[in-house]
$ cat coords_5.cif   # mmCIF, C-alpha atoms
data_model
loop_
_atom_site.label_atom_id
_atom_site.label_comp_id
_atom_site.auth_asym_id
_atom_site.auth_seq_id
_atom_site.Cartn_x
_atom_site.Cartn_y
_atom_site.Cartn_z
CA MET A 281 0.00 0.00 0.00
CA GLU A 282 1.32 3.45 -0.91
CA PRO A 283 2.20 5.40 2.26
CA LEU A 284 0.53 8.71 2.98
CA ALA A 285 2.46 11.97 2.93
CA PRO A 286 3.07 13.37 6.44
CA HIS A 287 0.43 16.10 6.08
CA GLU A 288 -2.15 13.61 4.73
CA ARG A 289 -1.78 11.47 7.81
CA VAL A 290 -2.84 14.22 10.24
CA PHE A 291 -4.61 16.95 8.25
CA VAL A 292 -8.20 17.48 9.47
CA ASP A 293 -10.34 18.75 6.62
CA SER A 294 -12.57 21.74 7.36
CA PHE A 295 -15.41 19.71 5.89
CA PHE A 296 -15.28 17.59 9.04
CA THR A 297 -16.55 20.51 11.15
CA GLU A 298 -19.67 20.63 8.96
CA ASP A 299 -20.65 17.13 10.07
CA GLU A 300 -23.72 17.75 12.21
CA ASN A 301 -22.82 14.80 14.44
CA HIS A 302 -19.10 14.15 14.89
CA GLY A 303 -18.03 17.60 13.71
CA GLN A 304 -19.78 19.23 16.65
CA ILE A 305 -17.76 17.32 19.23
CA GLY A 306 -14.65 19.05 20.55
CA CYS A 307 -11.33 17.33 19.83
CA HIS A 308 -10.54 17.08 23.55
CA GLU A 309 -13.80 15.25 24.28
CA CYS A 310 -12.39 12.17 22.56
CA HIS A 311 -8.64 12.71 22.41
CA GLY A 312 -8.04 14.49 25.71
CA GLY A 313 -5.68 17.42 26.18
CA ASN A 314 -6.52 20.95 27.34
CA PRO A 315 -8.11 23.27 24.72
CA ASP A 316 -7.86 26.26 27.07
CA ASP A 317 -4.08 26.06 27.38
CA PRO A 318 -2.39 28.58 25.01
CA ASP A 319 0.88 26.60 25.05
CA TRP A 320 0.56 23.86 22.44
CA LYS A 321 3.17 21.72 24.14
CA THR A 322 1.33 21.49 27.45
CA ALA A 323 -2.09 21.64 25.77
CA HIS A 324 -1.34 18.31 24.13
CA LYS A 325 -0.31 16.62 27.35
CA GLY A 326 -2.29 13.40 27.76
CA VAL A 327 -3.59 13.39 24.18
CA ILE A 328 -4.64 9.91 23.04
CA LYS A 329 -4.01 9.06 19.39
CA ASP A 330 -6.74 6.42 19.14
CA PRO A 331 -9.34 6.93 21.88
CA SER A 332 -11.33 3.96 20.58
CA TYR A 333 -8.64 1.43 21.52
CA PRO A 334 -8.61 -0.68 23.56
CA ASP A 335 -11.91 0.50 25.08
CA PRO A 336 -14.28 2.72 23.06
CA SER A 337 -17.08 2.70 25.63
CA SER A 338 -16.42 6.22 26.95
CA THR A 339 -15.88 7.75 23.50
CA CYS A 340 -17.72 5.98 20.68
CA GLY A 341 -19.95 4.33 23.26
CA SER A 342 -21.30 7.64 24.54
CA CYS A 343 -23.48 7.71 21.42
CA HIS A 344 -23.13 4.22 19.97
CA ASP A 345 -23.59 2.16 23.11
CA ASP A 346 -25.48 -0.54 21.21
CA ILE A 347 -22.26 -1.18 19.27
CA ALA A 348 -19.50 -0.32 21.74
CA ARG A 349 -20.88 -2.45 24.56
CA HIS A 350 -19.86 -5.55 22.60
CA TYR A 351 -16.37 -4.32 21.73
CA LYS A 352 -14.70 -6.95 23.93
CA THR A 353 -16.11 -9.70 21.72
CA SER A 354 -15.20 -8.09 18.41
CA LEU A 355 -12.57 -10.41 16.94
CA HIS A 356 -10.94 -7.40 15.27
CA ILE A 357 -10.22 -5.86 18.66
CA ASN A 358 -9.57 -8.80 20.95
CA LEU A 359 -8.04 -11.28 18.47
CA GLY A 360 -9.45 -13.91 20.80
CA PRO A 361 -8.94 -16.95 18.55
CA TYR A 362 -5.20 -16.22 18.31
CA LYS A 363 -4.84 -16.30 22.07
CA LYS A 364 -6.98 -19.41 22.50
CA ILE A 365 -5.12 -21.33 19.80
CA ILE A 366 -1.66 -20.34 21.01
CA ASP A 367 -2.65 -21.11 24.61
CA LYS A 368 -3.73 -24.57 23.53
CA ARG A 369 -0.38 -25.27 21.86
CA SER A 370 1.64 -23.62 24.62
CA SER A 371 3.56 -25.25 27.46
CA VAL A 372 1.65 -25.74 30.71
CA ASP A 373 4.68 -24.46 32.63
CA LYS A 374 3.54 -21.07 33.94
CA ILE A 375 6.90 -19.33 33.42
CA VAL A 376 7.26 -20.66 29.88
CA HIS A 377 3.65 -19.84 29.08
CA SER A 378 4.04 -16.27 30.33
CA LYS A 379 6.97 -15.78 27.91
CA VAL A 380 4.94 -17.19 25.03
CA ASP A 381 2.05 -14.90 25.94
CA ALA A 382 4.34 -11.87 26.03
CA ALA A 383 5.72 -12.78 22.61
CA ARG A 384 2.18 -13.21 21.29
CA LYS A 385 1.29 -9.71 22.47
CA ASN A 386 4.42 -8.29 20.83
CA HIS A 387 3.79 -9.91 17.46
CA CYS A 388 0.40 -11.54 16.96
CA ASN A 389 -1.58 -8.63 18.43
CA SER A 390 0.05 -6.02 16.21
CA CYS A 391 -2.72 -6.35 13.60
CA HIS A 392 -5.62 -5.47 15.88
CA SER A 393 -8.16 -2.93 14.71
CA SER A 394 -10.53 -0.55 16.48
CA CYS A 395 -13.53 1.66 15.76
CA GLY A 396 -11.22 4.48 14.71
CA GLN A 397 -8.93 2.28 12.66
CA CYS A 398 -11.84 1.26 10.46
CA HIS A 399 -14.02 4.36 10.28
CA ILE A 400 -11.53 7.26 10.56
CA SER A 401 -8.01 6.12 9.77
CA ARG A 402 -6.04 3.37 8.14
CA PRO A 403 -5.11 0.57 10.55
CA GLU A 404 -1.94 1.18 12.57
CA ALA A 405 -0.59 -2.14 11.29
CA VAL A 406 -0.16 -0.52 7.86
CA GLY A 407 1.09 2.83 9.06
CA GLY A 408 -2.12 4.59 10.08
CA GLY A 409 -3.08 8.02 8.78
CA LEU A 410 -6.50 9.61 8.29
CA LEU A 411 -8.70 8.19 5.55
CA ASP A 412 -10.36 11.47 4.58
CA GLY A 413 -9.39 14.39 6.79
CA HIS A 414 -11.01 12.81 9.88
CA VAL A 415 -14.41 12.56 8.17
CA PHE A 416 -16.12 9.44 9.52
CA GLN A 417 -16.68 6.68 6.98
CA LYS A 418 -19.80 4.63 7.69
CA ARG A 419 -18.61 2.08 5.13
CA PRO A 420 -14.83 2.43 5.02
CA PRO A 421 -13.03 1.96 1.69
CA MET A 422 -12.19 -1.69 1.14
CA ASN A 423 -8.71 -1.08 -0.30
CA LEU A 424 -7.58 1.21 2.56
CA VAL A 425 -9.01 -0.75 5.47
CA CYS A 426 -10.11 -4.33 4.76
CA THR A 427 -7.43 -5.48 2.33
CA ALA A 428 -4.84 -3.22 3.98
CA CYS A 429 -4.64 -5.85 6.72
CA HIS A 430 -6.06 -8.88 4.90
CA GLY A 431 -3.72 -8.50 1.98
CA SER A 432 -1.28 -11.30 1.28
CA ARG A 433 -3.95 -13.98 1.23
CA ILE A 434 -7.49 -12.58 0.98
CA LYS A 435 -6.74 -9.58 -1.24
CA ASN A 436 -4.59 -11.57 -3.67
CA GLU A 437 -7.18 -14.33 -3.84
CA TYR A 438 -10.17 -12.01 -4.21
CA PHE A 439 -8.57 -9.77 -6.84
CA GLY A 440 -6.99 -12.67 -8.74
CA GLU A 441 -3.43 -11.52 -8.02
CA ASN A 442 -2.04 -15.02 -7.42
CA LYS A 443 -0.22 -15.99 -10.61
CA GLY A 444 -2.47 -17.90 -12.97
CA MET A 445 -5.52 -17.69 -10.70
CA PRO A 446 -8.71 -15.80 -11.65
CA PRO A 447 -10.42 -13.30 -9.32
CA ASP A 448 -13.34 -14.29 -7.13
CA ILE A 449 -16.59 -14.32 -9.07
CA HIS A 450 -18.05 -11.97 -6.45
CA LYS A 451 -15.29 -9.45 -7.22
CA GLU A 452 -16.30 -9.59 -10.87
CA LYS A 453 -19.78 -8.65 -9.70
CA TYR A 454 -18.25 -5.67 -7.84
CA PHE A 455 -19.02 -6.99 -4.38
CA LYS A 456 -17.30 -5.10 -1.58
CA CYS A 457 -16.36 -6.86 1.65
CA SER A 458 -19.41 -5.36 3.40
CA LYS A 459 -21.72 -7.19 1.00
CA CYS A 460 -21.09 -10.40 2.93
CA HIS A 461 -19.38 -9.21 6.12
CA LYS A 462 -22.05 -7.10 7.81
CA ALA A 463 -21.54 -4.58 10.61
CA ASP A 464 -23.00 -6.82 13.30
CA GLU A 465 -20.37 -9.46 12.52
CA MET A 466 -17.55 -6.90 12.69
CA HIS A 467 -18.76 -5.29 15.92
CA GLY A 468 -19.26 -8.50 17.93
CA ASP A 469 -22.46 -9.75 19.52
CA GLY A 470 -21.41 -10.30 23.14
CA ARG A 471 -20.35 -13.92 22.72
CA ASP A 472 -16.77 -15.07 23.18
CA TYR A 473 -15.94 -17.14 20.11
CA ALA A 474 -13.04 -19.57 19.81
CA SER A 475 -12.99 -19.28 16.02
CA ARG A 476 -14.36 -16.98 13.35
CA TYR A 477 -16.25 -19.98 12.01
CA GLU A 478 -18.34 -20.04 15.18
CA VAL A 479 -19.56 -16.46 14.76
CA GLU A 480 -23.33 -16.71 14.66
CA ASN A 481 -23.89 -13.80 12.29
CA GLY A 482 -20.95 -14.54 10.02
CA PRO A 483 -21.55 -14.89 6.26
CA LYS A 484 -23.00 -18.08 4.83
CA CYS A 485 -23.26 -19.07 1.18
CA LEU A 486 -26.93 -19.87 1.71
CA ASP A 487 -27.62 -16.27 2.75
CA CYS A 488 -27.69 -15.48 -0.96
CA HIS A 489 -27.84 -18.86 -2.67
CA VAL A 490 -31.08 -19.85 -0.99
CA ASN A 491 -32.42 -22.00 -3.82
CA ILE A 492 -29.49 -24.31 -4.58
CA TYR A 493 -31.36 -27.31 -3.14
CA ASP A 494 -34.54 -26.47 -5.06
CA LEU A 495 -35.09 -29.25 -7.60
CA LYS A 496 -35.85 -26.64 -10.24
CA SER A 497 -32.49 -24.88 -9.82
CA THR A 498 -29.36 -25.55 -11.85
CA ASN A 499 -27.26 -28.44 -10.51
CA ALA A 500 -29.73 -29.08 -7.71
CA ASP A 501 -29.02 -32.82 -7.89
CA GLN A 502 -25.30 -32.25 -7.29
CA HIS A 503 -25.90 -29.81 -4.45
CA ILE A 504 -28.30 -32.21 -2.74
CA LEU A 505 -25.96 -35.17 -3.25
CA HIS A 506 -22.97 -33.36 -1.71
CA LYS A 507 -24.86 -31.52 1.05
CA ASP A 508 -23.15 -31.97 4.46
CA ARG A 509 -20.47 -34.12 2.80
CA VAL A 510 -18.23 -31.42 1.38
CA SER A 511 -17.98 -27.69 2.00
CA CYS A 512 -18.94 -25.30 -0.81
CA HIS A 513 -15.26 -24.40 -1.25
CA VAL A 514 -14.31 -27.99 -2.08
CA CYS A 515 -16.13 -27.59 -5.38
CA HIS A 516 -15.94 -23.83 -5.91
CA SER A 517 -12.52 -22.67 -4.69
CA VAL A 518 -9.28 -22.61 -6.70
CA LYS A 519 -5.64 -22.59 -5.59
CA TYR A 520 -4.67 -20.32 -2.68
CA LYS A 521 -1.65 -19.36 -0.59
CA ASN A 522 -0.16 -21.59 2.11
CA CYS A 523 2.61 -20.40 4.46
CA TYR A 524 5.16 -22.36 6.48
CA GLY A 525 7.55 -21.90 9.39
CA CYS A 526 6.85 -18.48 10.90
CA HIS A 527 9.49 -17.30 13.38
CA VAL A 528 9.32 -14.06 15.36
CA GLY A 529 11.99 -12.07 17.15
CA LYS A 530 13.73 -8.69 17.52
CA ASP A 531 16.56 -7.23 15.46
CA LYS A 532 19.65 -5.48 16.83
CA GLN A 533 17.67 -2.25 17.25
CA GLY A 534 15.00 -4.05 19.26
CA ILE A 535 12.42 -3.82 16.48
CA THR A 536 10.08 -6.81 16.32
CA TYR A 537 9.93 -8.81 13.11
CA PHE A 538 8.61 -12.05 11.69
CA LYS A 539 9.71 -14.19 8.79
CA THR A 540 8.29 -17.28 7.15
CA ARG A 541 10.28 -20.14 5.71
CA ARG A 542 8.31 -20.47 2.47
CA SER A 543 4.90 -20.17 0.86
CA THR A 544 3.13 -22.10 -1.89
CA ILE A 545 0.05 -21.72 -4.05
CA ASP A 546 -1.90 -24.95 -3.84
CA PHE A 547 -5.30 -26.57 -3.28
CA LYS A 548 -5.91 -29.39 -0.80
CA ILE A 549 -8.95 -31.17 0.59
CA GLY A 550 -8.74 -32.64 4.07
CA PHE A 551 -10.94 -33.86 6.89
CA ASN A 552 -12.92 -31.23 8.80
CA SER A 553 -11.19 -30.63 12.16
CA LEU A 554 -13.92 -28.16 13.22
CA LYS A 555 -16.87 -30.44 12.59
CA SER A 556 -20.02 -29.20 14.29
CA LYS A 557 -23.75 -28.85 13.79
CA LYS A 558 -23.07 -25.61 11.95
CA ARG A 559 -20.21 -27.10 9.88
CA PRO A 560 -21.09 -30.80 9.45
CA GLU A 561 -19.08 -31.48 6.29
CA LYS A 562 -16.68 -34.41 6.25
CA PHE A 563 -14.36 -32.89 3.65
CA VAL A 564 -13.25 -29.24 3.59
CA VAL A 565 -10.61 -27.15 1.90
CA VAL A 566 -7.57 -26.90 4.19
CA ARG A 567 -4.88 -24.22 4.25
CA HIS A 568 -1.45 -24.54 5.86
CA ILE A 569 -0.89 -21.85 8.48
CA PRO A 570 2.65 -20.64 9.23
CA VAL A 571 2.90 -21.73 12.88
CA ASP A 572 5.95 -23.82 13.77
CA GLN A 573 7.22 -25.62 16.88
CA GLU A 574 9.84 -22.89 17.27
CA THR A 575 7.72 -19.88 16.27
CA PHE A 576 8.52 -18.27 19.64
CA GLY A 577 12.00 -19.81 19.98
CA TYR A 578 13.62 -16.36 20.15
CA TYR A 579 11.84 -15.77 23.46
CA VAL A 580 11.70 -19.19 25.09
CA ASP A 581 12.76 -22.76 24.36
CA LYS A 582 9.94 -25.26 23.71
CA GLY A 583 7.30 -22.62 24.22
CA LEU A 584 4.79 -24.55 22.11
CA ALA A 585 5.31 -27.84 23.93
CA ASN A 586 1.77 -28.92 23.03
CA PHE A 587 2.16 -28.04 19.37
CA ASP A 588 0.55 -31.28 18.16
CA ARG A 589 -2.77 -30.60 19.88
CA LEU A 590 -3.96 -28.70 16.79
CA PRO A 591 -3.38 -29.25 13.07
CA THR A 592 -1.29 -26.92 10.94
CA TRP A 593 -3.60 -27.63 8.00
CA LYS A 594 -6.75 -25.77 9.07
CA PRO A 595 -10.23 -25.53 7.50
CA ALA A 596 -10.25 -22.60 5.10
CA THR A 597 -12.68 -20.46 3.14
CA PRO A 598 -10.50 -18.86 0.44
CA HIS A 599 -11.90 -15.74 -1.20
CA ASN A 600 -11.50 -17.09 -4.74
CA ILE A 601 -14.88 -18.62 -5.52
CA ARG A 602 -15.61 -19.64 -9.10
CA LYS A 603 -18.73 -21.25 -10.54
CA LYS A 604 -16.60 -23.59 -12.67
CA THR A 605 -13.34 -24.96 -11.31
CA PRO A 606 -10.86 -27.67 -12.34
CA GLN A 607 -12.27 -30.08 -9.76
CA ASN A 608 -15.94 -29.68 -10.68
CA LYS A 609 -15.66 -30.00 -14.46
CA THR A 610 -16.69 -33.64 -14.25
CA CYS A 611 -17.40 -36.11 -11.44
CA ASN A 612 -14.03 -37.79 -11.92
CA SER A 613 -12.19 -34.48 -11.85
CA CYS A 614 -12.53 -34.92 -8.09
CA HIS A 615 -13.52 -38.54 -7.46
CA GLY A 616 -10.41 -40.69 -7.42
CA ASN A 617 -8.15 -37.67 -7.98
CA THR A 618 -5.52 -38.13 -5.26
CA ASP A 619 -3.74 -34.89 -6.21
CA LEU A 620 -6.56 -32.86 -4.70
CA PHE A 621 -6.46 -34.46 -1.28
CA LEU A 622 -4.10 -33.90 1.64
CA LEU A 623 -2.18 -37.16 1.76
CA GLU A 624 0.53 -38.15 4.22
CA LYS A 625 3.19 -37.48 1.59
CA ASP A 626 2.01 -33.85 1.38
CA VAL A 627 2.72 -33.17 5.06
CA GLU A 628 6.21 -32.39 6.34
CA SER A 629 7.47 -35.00 8.80
CA ALA A 630 7.66 -32.47 11.66
CA TYR A 631 3.95 -31.71 11.24
CA LYS A 632 2.55 -35.20 10.64
CA ASN A 633 1.48 -35.93 14.19
CA ALA A 634 -0.31 -32.59 14.49
CA ASN A 635 -2.23 -33.32 11.27
CA LYS A 636 -3.02 -37.00 11.80
CA ASP A 637 -6.77 -36.32 12.01
CA VAL A 638 -6.79 -34.10 8.92
CA ILE A 639 -4.73 -36.23 6.54
CA VAL A 640 -6.82 -38.28 4.10
CA SER A 641 -5.75 -41.87 3.50
CA PRO A 642 -6.09 -43.08 -0.12
CA GLU A 643 -8.86 -45.53 0.73
CA MET A 644 -10.99 -42.67 2.11
CA ILE A 645 -10.93 -40.72 -1.16
CA PRO A 646 -14.25 -40.99 -3.04
CA GLU A 647 -13.84 -43.54 -5.79
CA ARG A 648 -14.02 -42.79 -9.49
CA ILE A 649 -17.47 -43.01 -10.97
CA ASN A 650 -17.87 -45.45 -13.84
CA LYS A 651 -20.55 -44.45 -16.31
#
$ encode --input "coords_5.cif" --output "structure tokens"
Amino acid sequence: MEPLAPHERVFVDSFFTEDENHGQIGCHECHGGNPDDPDWKTAHKGVIKDPSYPDPSSTCGSCHDDIARHYKTSLHINLGPYKKIIDKRSSVDKIVHSKVDAARKNHCNSCHSSCGQCHISRPEAVGGGLLDGHVFQKRPPMNLVCTACHGSRIKNEYFGENKGMPPDIHKEKYFKCSKCHKADEMHGDGRDYASRYEVENGPKCLDCHVNIYDLKSTNADQHILHKDRVSCHVCHSVKYKNCYGCHVGKDKQGITYFKTRRSTIDFKIGFNSLKSKKRPEKFVVVRHIPVDQETFGYYVDKGLANFDRLPTWKPATPHNIRKKTPQNKTCNSCHGNTDLFLLEKDVESAYKNANKDVIVSPEMIPERINK
């Protein structure tokens, strides 16, 4: 993303003061400071750059209490699933765990968002800076907010920027993120979720494609036959990015960094490790996440002592949906096609135990159909 010029980052447009709502609120009422002090140095004492983080209840919540009261359960603010997953892999030794948790806060929490970092400014994780002279954006621009953070995977998939891969069919229809990801999902609903896939008001394919099981609809027989057996992405996704071996640390200047060992563009079907009433499918698309046994090795030895409690190939919903894909051209494009499935040979030896419940054995692959 192109960085903003210094003045663009902080310049408050006079148009903002014409806003009959936010423009009538004094700067100090949200940001603090003393507007009656003629000395700018002391007047700015105590000024808060982002008064909506980590708790917007006294600022945004003074008017938007119906939204702000759920801020603690907004996954964009609390990053709850990251903590829960890392805790599950972490050592039970309290001293070791505390070091892992500190490392997580240094690195994995750096991409948090807030009310302000969606509706007023670019996220801090990409350098911050006002979106439009402090004018509030009810629906923030997708390219400056959503894909600013969700870039290397979601943006490249959705826009078709992975080499040789087409854009998502919804992008071709000019869908913005907010078409599927509604405000109530972003803001949280008061429930503490362990995974984004548990979010009750998250997007579902059936929200729009309500008639796919109607016998009069196109391919109804195939949709009915595969219902609850495979996820929609198994048939309608294409290749996506997988990352391996993330390690975090600090350089000689004390600046935090991360680096991954490698990444690949691939497509794999595995067993559903998050099977539930809401997600009953046996087979799902799986993506390799970059976690490694020594991800936090810079900070503590054997920090993720329980690494194998969770798979490194996780259920995925890539943003690269197509109506026609290589695997749904014919029945046998998928049935009997071992290249599509996550086999033991596809998993690095260090990760095999962690993925034992996700790996598909050849005899479990649906057989070719003879016609």
$ atom_distance --input "coords_5.cif" --atom1 "CA of Arg648 in chain A" --atom2 "CA of Ile601 in chain A"
24.5 Å
$ atom_distance --input "coords_5.cif" --atom1 "CA of Asn442 in chain A" --atom2 "CA of Arg602 in chain A"
14.4 Å
$ axis_aligned_box --input "coords_5.cif" --around "range 638-647 of chain A" --padding-each-side "4 Å" --output "AutoDock Vina command-line options"
--center_x -9.5 --center_y -39.8 --center_z 1.6 --size_x 17.5 --size_y 19.4 --size_z 22.7
$ atom_distance --input "coords_5.cif" --atom1 "CA of Ala382 in chain A" --atom2 "CA of Cys340 in chain A"
28.9 Å
$ resolve_selection --input "coords_5.cif" --expression "the PyMOL selection byres ((chain A and resi 650) around 10)" --output "PDB file with C-alpha atoms, in the frame of the given file"
ATOM      1  CA  CYS A 611     -17.400 -36.110 -11.440  1.00  0.00           C
ATOM      2  CA  ASN A 612     -14.030 -37.790 -11.920  1.00  0.00           C
ATOM      3  CA  GLU A 647     -13.840 -43.540  -5.790  1.00  0.00           C
ATOM      4  CA  ARG A 648     -14.020 -42.790  -9.490  1.00  0.00           C
ATOM      5  CA  ILE A 649     -17.470 -43.010 -10.970  1.00  0.00           C
ATOM      6  CA  LYS A 651     -20.550 -44.450 -16.310  1.00  0.00           C
TER       7      LYS A 651
END
$ resolve_selection --input "coords_5.cif" --expression "the PyMOL selection byres ((chain A and resi 281) around 10)" --output "compact mmCIF listing (two decimals) with C-alpha atoms, in the frame of the given file"
# COMPACT_ATOMS: atom_id res chain seq x y z
CA GLU A 282 1.32 3.45 -0.91
CA PRO A 283 2.20 5.40 2.26
CA LEU A 284 0.53 8.71 2.98
CA VAL A 406 -0.16 -0.52 7.86
CA GLY A 407 1.09 2.83 9.06
CA ASN A 423 -8.71 -1.08 -0.30
CA LEU A 424 -7.58 1.21 2.56
CA THR A 427 -7.43 -5.48 2.33
CA ALA A 428 -4.84 -3.22 3.98
CA GLY A 431 -3.72 -8.50 1.98
$ resolve_selection --input "coords_5.cif" --expression "the PyMOL selection byres ((chain A and resi 509) around 9)" --output "list of chain:residue names"
A:Leu505, A:His506, A:Lys507, A:Asp508, A:Val510, A:Ser511, A:Pro560, A:Glu561, A:Lys562, A:Phe563, A:Val564
$ closest_residue --input "coords_5.cif" --among "A:Ser294, A:Ser432, A:Ser390, A:Ser342" --to "His414 in chain A" --atoms "all atoms listed in the file"
A:Ser294
$ closest_residue --input "coords_5.cif" --among "A:Tyr493, A:Tyr524, A:Phe538, A:Phe621" --to "Val571 in chain A" --atoms "only C-alpha atoms"
A:Tyr524
$ closest_residue --input "coords_5.cif" --among "A:Lys484, A:Lys363, A:Arg384, A:Lys632" --to "Lys558 in chain A" --atoms "only C-alpha atoms"
A:Lys484
$ closest_residue --input "coords_5.cif" --among "A:Lys557, A:His356, A:His527, A:His568" --to "Ala596 in chain A" --atoms "only C-alpha atoms"
A:His568
$ closest_atom_pairs --input "coords_5.cif" --of "range 458-538 of chain A" --to "range 575-580 of chain A" --cutoff "8 Å" --atoms "only C-alpha atoms" --output "Markdown table"
| residue | atom | partner | partner_atom | distance |
| --- | --- | --- | --- | --- |
| A:Gly525 | CA | A:Thr575 | CA | 7.2 |
| A:Cys526 | CA | A:Thr575 | CA | 5.6 |
| A:His527 | CA | A:Thr575 | CA | 4.3 |
| A:Val528 | CA | A:Phe576 | CA | 6.1 |
| A:Gly529 | CA | A:Tyr578 | CA | 5.5 |
$ closest_residue --input "coords_5.cif" --among "A:Gln304, A:Ser394, A:Ser475, A:Ser337" --to "Ile365 in chain A" --atoms "all atoms listed in the file"
A:Ser475
$ closest_residue --input "coords_5.cif" --among "A:Asn608, A:Asn389, A:Asn314, A:Asn436" --to "Glu404 in chain A" --atoms "all atoms listed in the file"
A:Asn389
$ residues_around --input "coords_5.cif" --residues "Leu355 in chain A" --least-positions-apart "2" --cutoff "10 Å" --atoms "all atoms listed in the file" --output "JSON list (two decimals) with C-alpha atoms, keeping the file's coordinate frame"
[["chain", "number", "residue", "atom", "x", "y", "z"],
["A", 351, "TYR", "CA", -16.37, -4.32, 21.73],
["A", 352, "LYS", "CA", -14.70, -6.95, 23.93],
["A", 353, "THR", "CA", -16.11, -9.70, 21.72],
["A", 357, "ILE", "CA", -10.22, -5.86, 18.66],
["A", 358, "ASN", "CA", -9.57, -8.80, 20.95],
["A", 359, "LEU", "CA", -8.04, -11.28, 18.47],
["A", 360, "GLY", "CA", -9.45, -13.91, 20.80],
["A", 361, "PRO", "CA", -8.94, -16.95, 18.55],
["A", 362, "TYR", "CA", -5.20, -16.22, 18.31],
["A", 392, "HIS", "CA", -5.62, -5.47, 15.88],
["A", 393, "SER", "CA", -8.16, -2.93, 14.71],
["A", 465, "GLU", "CA", -20.37, -9.46, 12.52],
["A", 466, "MET", "CA", -17.55, -6.90, 12.69],
["A", 467, "HIS", "CA", -18.76, -5.29, 15.92],
["A", 468, "GLY", "CA", -19.26, -8.50, 17.93],
["A", 472, "ASP", "CA", -16.77, -15.07, 23.18],
["A", 473, "TYR", "CA", -15.94, -17.14, 20.11],
["A", 474, "ALA", "CA", -13.04, -19.57, 19.81],
["A", 475, "SER", "CA", -12.99, -19.28, 16.02],
["A", 476, "ARG", "CA", -14.36, -16.98, 13.35],
["A", 479, "VAL", "CA", -19.56, -16.46, 14.76]]
$ residues_around --input "coords_5.cif" --residues "Val518 in chain A" --least-positions-apart "3" --cutoff "10 Å" --atoms "only C-alpha atoms" --output "list in words"
Glu437, Met445, Pro446, Pro447, Asp448, His513, Val514, Cys515, Ile545, Asp546, Phe547, Lys548, Val565, Pro598, His599, Asn600, Ile601, Arg602, Lys604, Thr605, Pro606 and Gln607 of chain A
$ residues_near_point --input "coords_5.cif" --point "(-3.6, -36.6, -1.3)" --cutoff "6 Å" --atoms "all atoms listed in the file" --output "VMD selection string"
chain A and resid 618 to 623
$ residues_around --input "coords_5.cif" --residues "Ser553 in chain A" --least-positions-apart "5" --cutoff "12 Å" --atoms "all atoms listed in the file" --output "tab-separated table (two decimals) with C-alpha atoms, keeping the file's coordinate frame"
chain	number	residue	atom	x	y	z
A	477	TYR	CA	-16.25	-19.98	12.01
A	559	ARG	CA	-20.21	-27.10	9.88
A	560	PRO	CA	-21.09	-30.80	9.45
A	561	GLU	CA	-19.08	-31.48	6.29
A	562	LYS	CA	-16.68	-34.41	6.25
A	563	PHE	CA	-14.36	-32.89	3.65
A	564	VAL	CA	-13.25	-29.24	3.59
A	565	VAL	CA	-10.61	-27.15	1.90
A	566	VAL	CA	-7.57	-26.90	4.19
A	567	ARG	CA	-4.88	-24.22	4.25
A	589	ARG	CA	-2.77	-30.60	19.88
A	590	LEU	CA	-3.96	-28.70	16.79
A	591	PRO	CA	-3.38	-29.25	13.07
A	592	THR	CA	-1.29	-26.92	10.94
A	593	TRP	CA	-3.60	-27.63	8.00
A	594	LYS	CA	-6.75	-25.77	9.07
A	595	PRO	CA	-10.23	-25.53	7.50
A	596	ALA	CA	-10.25	-22.60	5.10
A	634	ALA	CA	-0.31	-32.59	14.49
A	635	ASN	CA	-2.23	-33.32	11.27
A	636	LYS	CA	-3.02	-37.00	11.80
A	637	ASP	CA	-6.77	-36.32	12.01
A	638	VAL	CA	-6.79	-34.10	8.92
A	639	ILE	CA	-4.73	-36.23	6.54
A	640	VAL	CA	-6.82	-38.28	4.10
$ decode --input "coords_5.cif" --residues "range 423-436 of chain A" --atoms "C-alpha atoms" --output "CSV table (one decimal), in the first residue's frame"
chain,number,residue,atom,x,y,z
A,423,ASN,CA,-8.7,-1.1,-0.3
A,424,LEU,CA,-7.6,1.2,2.6
A,425,VAL,CA,-9.0,-0.7,5.5
A,426,CYS,CA,-10.1,-4.3,4.8
A,427,THR,CA,-7.4,-5.5,2.3
A,428,ALA,CA,-4.8,-3.2,4.0
A,429,CYS,CA,-4.6,-5.9,6.7
A,430,HIS,CA,-6.1,-8.9,4.9
A,431,GLY,CA,-3.7,-8.5,2.0
A,432,SER,CA,-1.3,-11.3,1.3
A,433,ARG,CA,-4.0,-14.0,1.2
A,434,ILE,CA,-7.5,-12.6,1.0
A,435,LYS,CA,-6.7,-9.6,-1.2
A,436,ASN,CA,-4.6,-11.6,-3.7
